[in-house]
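query36.tsv follows (TSV, N, CA and C atoms):
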chain	number	residue	atom	x	y	z
A	1	MET	N	189.74	198.90	24.11
A	1	MET	CA	190.33	197.60	24.13
A	1	MET	C	191.84	197.74	24.33
A	2	ARG	N	192.43	196.75	24.96
A	2	ARG	CA	193.86	196.82	25.25
A	2	ARG	C	194.67	196.37	24.04
A	3	ASP	N	195.73	197.13	23.71
A	3	ASP	CA	196.55	196.83	22.55
A	3	ASP	C	197.67	195.85	22.86
A	4	ASP	N	197.95	195.57	24.14
A	4	ASP	CA	199.04	194.67	24.50
A	4	ASP	C	198.68	193.19	24.30
A	5	ARG	N	197.48	192.88	23.87
A	5	ARG	CA	197.04	191.50	23.68
A	5	ARG	C	196.98	191.13	22.19
A	6	LYS	N	197.73	191.80	21.34
A	6	LYS	CA	197.70	191.57	19.90
A	6	LYS	C	198.20	190.16	19.55
A	7	ASP	N	199.14	189.62	20.32
A	7	ASP	CA	199.71	188.32	20.00
A	7	ASP	C	198.79	187.17	20.40
A	8	GLU	N	197.86	187.40	21.28
A	8	GLU	CA	196.96	186.33	21.72
A	8	GLU	C	195.84	186.13	20.71
A	9	MET	N	195.36	184.90	20.64
A	9	MET	CA	194.24	184.62	19.75
A	9	MET	C	192.96	184.87	20.52
A	10	GLY	N	192.15	185.76	20.01
A	10	GLY	CA	190.89	186.09	20.65
A	10	GLY	C	189.81	185.06	20.31
A	11	ARG	N	188.69	185.24	20.92
A	11	ARG	CA	187.57	184.31	20.72
A	11	ARG	C	187.10	184.32	19.28
A	12	ARG	N	186.98	185.48	18.69
A	12	ARG	CA	186.52	185.56	17.29
A	12	ARG	C	187.54	184.95	16.34
A	13	HIS	N	188.80	185.18	16.59
A	13	HIS	CA	189.84	184.59	15.74
A	13	HIS	C	189.85	183.07	15.89
A	14	PHE	N	189.62	182.59	17.08
A	14	PHE	CA	189.58	181.16	17.32
A	14	PHE	C	188.45	180.51	16.52
A	15	PHE	N	187.25	181.07	16.60
A	15	PHE	CA	186.12	180.50	15.88
A	15	PHE	C	186.28	180.63	14.36
A	16	ARG	N	186.91	181.70	13.92
A	16	ARG	CA	187.17	181.86	12.49
A	16	ARG	C	188.16	180.79	12.02
A	17	ALA	N	189.18	180.52	12.79
A	17	ALA	CA	190.15	179.48	12.43
A	17	ALA	C	189.51	178.10	12.49
A	18	LEU	N	188.65	177.88	13.47
A	18	LEU	CA	187.96	176.60	13.60
A	18	LEU	C	187.05	176.36	12.40
A	19	GLY	N	186.34	177.36	11.96
A	19	GLY	CA	185.47	177.24	10.80
A	19	GLY	C	186.26	176.99	9.52
A	20	GLY	N	187.35	177.68	9.36
A	20	GLY	CA	188.19	177.48	8.18
A	20	GLY	C	188.82	176.10	8.17
A	21	GLY	N	189.17	175.60	9.33
A	21	GLY	CA	189.75	174.25	9.41
A	21	GLY	C	188.76	173.18	9.07
A	22	SER	N	187.51	173.36	9.48
A	22	SER	CA	186.50	172.35	9.17
A	22	SER	C	186.16	172.36	7.68
A	23	VAL	N	186.18	173.52	7.05
A	23	VAL	CA	185.94	173.59	5.61
A	23	VAL	C	187.08	172.92	4.86
A	24	ALA	N	188.30	173.13	5.30
A	24	ALA	CA	189.46	172.50	4.66
A	24	ALA	C	189.41	170.98	4.83
A	25	ALA	N	189.02	170.51	5.99
A	25	ALA	CA	188.93	169.07	6.24
A	25	ALA	C	187.85	168.44	5.37
A	26	ALA	N	186.73	169.11	5.22
A	26	ALA	CA	185.65	168.60	4.37
A	26	ALA	C	186.10	168.55	2.92
A	27	ALA	N	186.88	169.51	2.48
A	27	ALA	CA	187.37	169.53	1.10
A	27	ALA	C	188.33	168.37	0.86
A	28	VAL	N	189.16	168.05	1.83
A	28	VAL	CA	190.10	166.93	1.69
A	28	VAL	C	189.34	165.62	1.64
A	29	ILE	N	188.33	165.46	2.46
A	29	ILE	CA	187.56	164.21	2.50
A	29	ILE	C	186.81	164.00	1.20
A	30	THR	N	186.21	165.04	0.66
A	30	THR	CA	185.43	164.89	-0.58
A	30	THR	C	186.32	164.76	-1.80
A	31	ALA	N	187.57	165.17	-1.71
A	31	ALA	CA	188.47	165.09	-2.86
A	31	ALA	C	188.96	163.66	-3.08
A	32	GLN	N	188.95	162.82	-2.06
A	32	GLN	CA	189.41	161.45	-2.20
A	32	GLN	C	188.35	160.61	-2.88
A	33	PRO	N	188.74	159.79	-3.85
A	33	PRO	CA	187.75	158.96	-4.55
A	33	PRO	C	187.20	157.86	-3.62
A	34	MET	N	185.93	157.55	-3.82
A	34	MET	CA	185.29	156.49	-3.05
A	34	MET	C	185.56	155.16	-3.75
A	35	ILE	N	186.08	154.20	-3.02
A	35	ILE	CA	186.40	152.90	-3.58
A	35	ILE	C	185.40	151.89	-3.03
A	36	ALA	N	184.73	151.18	-3.94
A	36	ALA	CA	183.75	150.18	-3.52
A	36	ALA	C	184.48	148.89	-3.14
A	37	THR	N	184.04	148.29	-2.06
A	37	THR	CA	184.60	147.01	-1.63
A	37	THR	C	183.52	145.95	-1.78
A	38	PRO	N	183.89	144.72	-2.04
A	38	PRO	CA	182.88	143.67	-2.20
A	38	PRO	C	182.17	143.40	-0.88
A	39	ALA	N	180.89	143.13	-0.97
A	39	ALA	CA	180.08	142.87	0.22
A	39	ALA	C	180.36	141.47	0.74
A	40	GLN	N	180.35	141.33	2.04
A	40	GLN	CA	180.55	140.04	2.68
A	40	GLN	C	179.22	139.57	3.24
A	41	ALA	N	178.86	138.34	2.93
A	41	ALA	CA	177.61	137.77	3.44
A	41	ALA	C	177.82	137.30	4.88
A	42	TYR	N	176.78	137.43	5.68
A	42	TYR	CA	176.83	137.01	7.07
A	42	TYR	C	176.14	135.66	7.21
A	43	ASP	N	176.83	134.70	7.77
A	43	ASP	CA	176.25	133.37	8.00
A	43	ASP	C	175.84	133.30	9.46
A	44	PRO	N	174.54	133.29	9.78
A	44	PRO	CA	174.11	133.29	11.17
A	44	PRO	C	174.37	131.98	11.89
A	45	GLY	N	174.51	130.90	11.18
A	45	GLY	CA	174.78	129.62	11.82
A	45	GLY	C	173.50	128.95	12.31
A	46	ALA	N	173.66	127.74	12.81
A	46	ALA	CA	172.50	126.95	13.22
A	46	ALA	C	171.85	127.48	14.50
A	47	ASP	N	172.63	128.03	15.42
A	47	ASP	CA	172.07	128.49	16.69
A	47	ASP	C	171.15	129.69	16.51
A	48	GLU	N	171.45	130.55	15.56
A	48	GLU	CA	170.65	131.76	15.38
A	48	GLU	C	169.43	131.54	14.50
A	49	THR	N	169.38	130.46	13.74
A	49	THR	CA	168.26	130.23	12.84
A	49	THR	C	167.27	129.20	13.37
A	50	LYS	N	167.55	128.62	14.52
A	50	LYS	CA	166.61	127.62	15.04
A	50	LYS	C	165.37	128.30	15.62
A	51	ALA	N	164.30	127.57	15.68
A	51	ALA	CA	163.05	128.11	16.20
A	51	ALA	C	163.15	128.28	17.71
A	52	ARG	N	162.75	129.44	18.20
A	52	ARG	CA	162.83	129.71	19.64
A	52	ARG	C	161.46	129.86	20.29
A	53	TYR	N	160.43	130.03	19.50
A	53	TYR	CA	159.11	130.28	20.06
A	53	TYR	C	158.51	128.99	20.60
A	54	ARG	N	158.06	129.06	21.85
A	54	ARG	CA	157.37	127.94	22.46
A	54	ARG	C	156.14	128.47	23.16
A	55	GLU	N	155.03	127.86	22.93
A	55	GLU	CA	153.79	128.30	23.56
A	55	GLU	C	153.72	127.69	24.95
A	56	SER	N	154.40	128.33	25.89
A	56	SER	CA	154.44	127.83	27.26
A	56	SER	C	153.22	128.33	28.04
A	57	ASP	N	153.16	127.96	29.31
A	57	ASP	CA	152.00	128.33	30.13
A	57	ASP	C	151.84	129.84	30.28
A	58	HIS	N	152.96	130.56	30.46
A	58	HIS	CA	152.82	132.01	30.65
A	58	HIS	C	152.44	132.70	29.33
A	59	VAL	N	152.84	132.15	28.19
A	59	VAL	CA	152.42	132.71	26.91
A	59	VAL	C	150.93	132.47	26.70
A	60	LYS	N	150.46	131.29	27.05
A	60	LYS	CA	149.03	130.99	26.94
A	60	LYS	C	148.21	131.89	27.85
A	61	ALA	N	148.73	132.17	29.05
A	61	ALA	CA	148.04	133.06	29.98
A	61	ALA	C	147.99	134.48	29.43
A	62	PHE	N	149.05	134.92	28.78
A	62	PHE	CA	149.07	136.25	28.17
A	62	PHE	C	148.01	136.34	27.08
A	63	TYR	N	147.96	135.34	26.22
A	63	TYR	CA	146.96	135.33	25.14
A	63	TYR	C	145.55	135.32	25.72
A	64	ARG	N	145.33	134.53	26.74
A	64	ARG	CA	144.00	134.43	27.36
A	64	ARG	C	143.62	135.75	28.01
A	65	THR	N	144.54	136.40	28.69
A	65	THR	CA	144.28	137.66	29.38
A	65	THR	C	143.97	138.78	28.40
A	66	ASN	N	144.64	138.80	27.27
A	66	ASN	CA	144.48	139.90	26.32
A	66	ASN	C	143.46	139.61	25.24
A	67	GLY	N	142.76	138.52	25.35
A	67	GLY	CA	141.65	138.25	24.45
A	67	GLY	C	142.04	137.71	23.10
A	68	TYR	N	143.22	137.15	22.99
A	68	TYR	CA	143.63	136.59	21.71
A	68	TYR	C	142.94	135.26	21.41
A	69	GLU	N	142.36	134.64	22.40
A	69	GLU	CA	141.67	133.38	22.15
A	69	GLU	C	140.43	133.60	21.30
A	70	THR	N	139.84	134.77	21.35
A	70	THR	CA	138.66	135.04	20.53
A	70	THR	C	139.02	135.18	19.06
A	71	LEU	N	140.30	135.43	18.75
A	71	LEU	CA	140.74	135.58	17.36
A	71	LEU	C	141.15	134.25	16.73
A	72	LYS	N	141.21	133.19	17.53
A	72	LYS	CA	141.61	131.89	17.00
A	72	LYS	C	140.61	131.39	16.01
A	73	LYS	N	141.12	130.77	14.97
A	73	LYS	CA	140.24	130.13	13.98
A	73	LYS	C	140.21	128.65	14.28
A	74	ASN	N	139.03	128.12	14.55
A	74	ASN	CA	138.91	126.71	14.89
A	74	ASN	C	138.67	125.87	13.69

As structure tokens:
Amino acid sequence: MRDDRKDEMGRRHFFRALGGGSVAAAAVITAQPMIATPAQAYDPGADETKARYRESDHVKAFYRTNGYETLKKN
């Protein structure tokens, strides 16, 4: 191996430094206390809660084609 490359960071040194940095970052993240924040309720509004299902002609054809009419209770 060539000795004139001592100042350069080799592949093994790079991965060793990368691994040590990730361990240090994980330690910093876990050392901070977790603070709970109050939950916010979502109001969907009138447009999102209205009924959208309509038994149109193509829906009736789908049910008829797939045999759902036999499952109807009369």

DSSP alpha helix (DSSP H) residues within stretch 29-70 of chain A, as a PyMOL selection string: chain A and resi 29-31+45-49+57-65

Gap from atom C of A:Phe62 to atom CA of A:Glu48 - Å, one decimal: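 It comes out at 25.9 Å.
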
For atom C of A:Pro44 and atom C of A:His58, the interatomic separation in Å (one decimal):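 These two atoms are separated by 28.0 Å.
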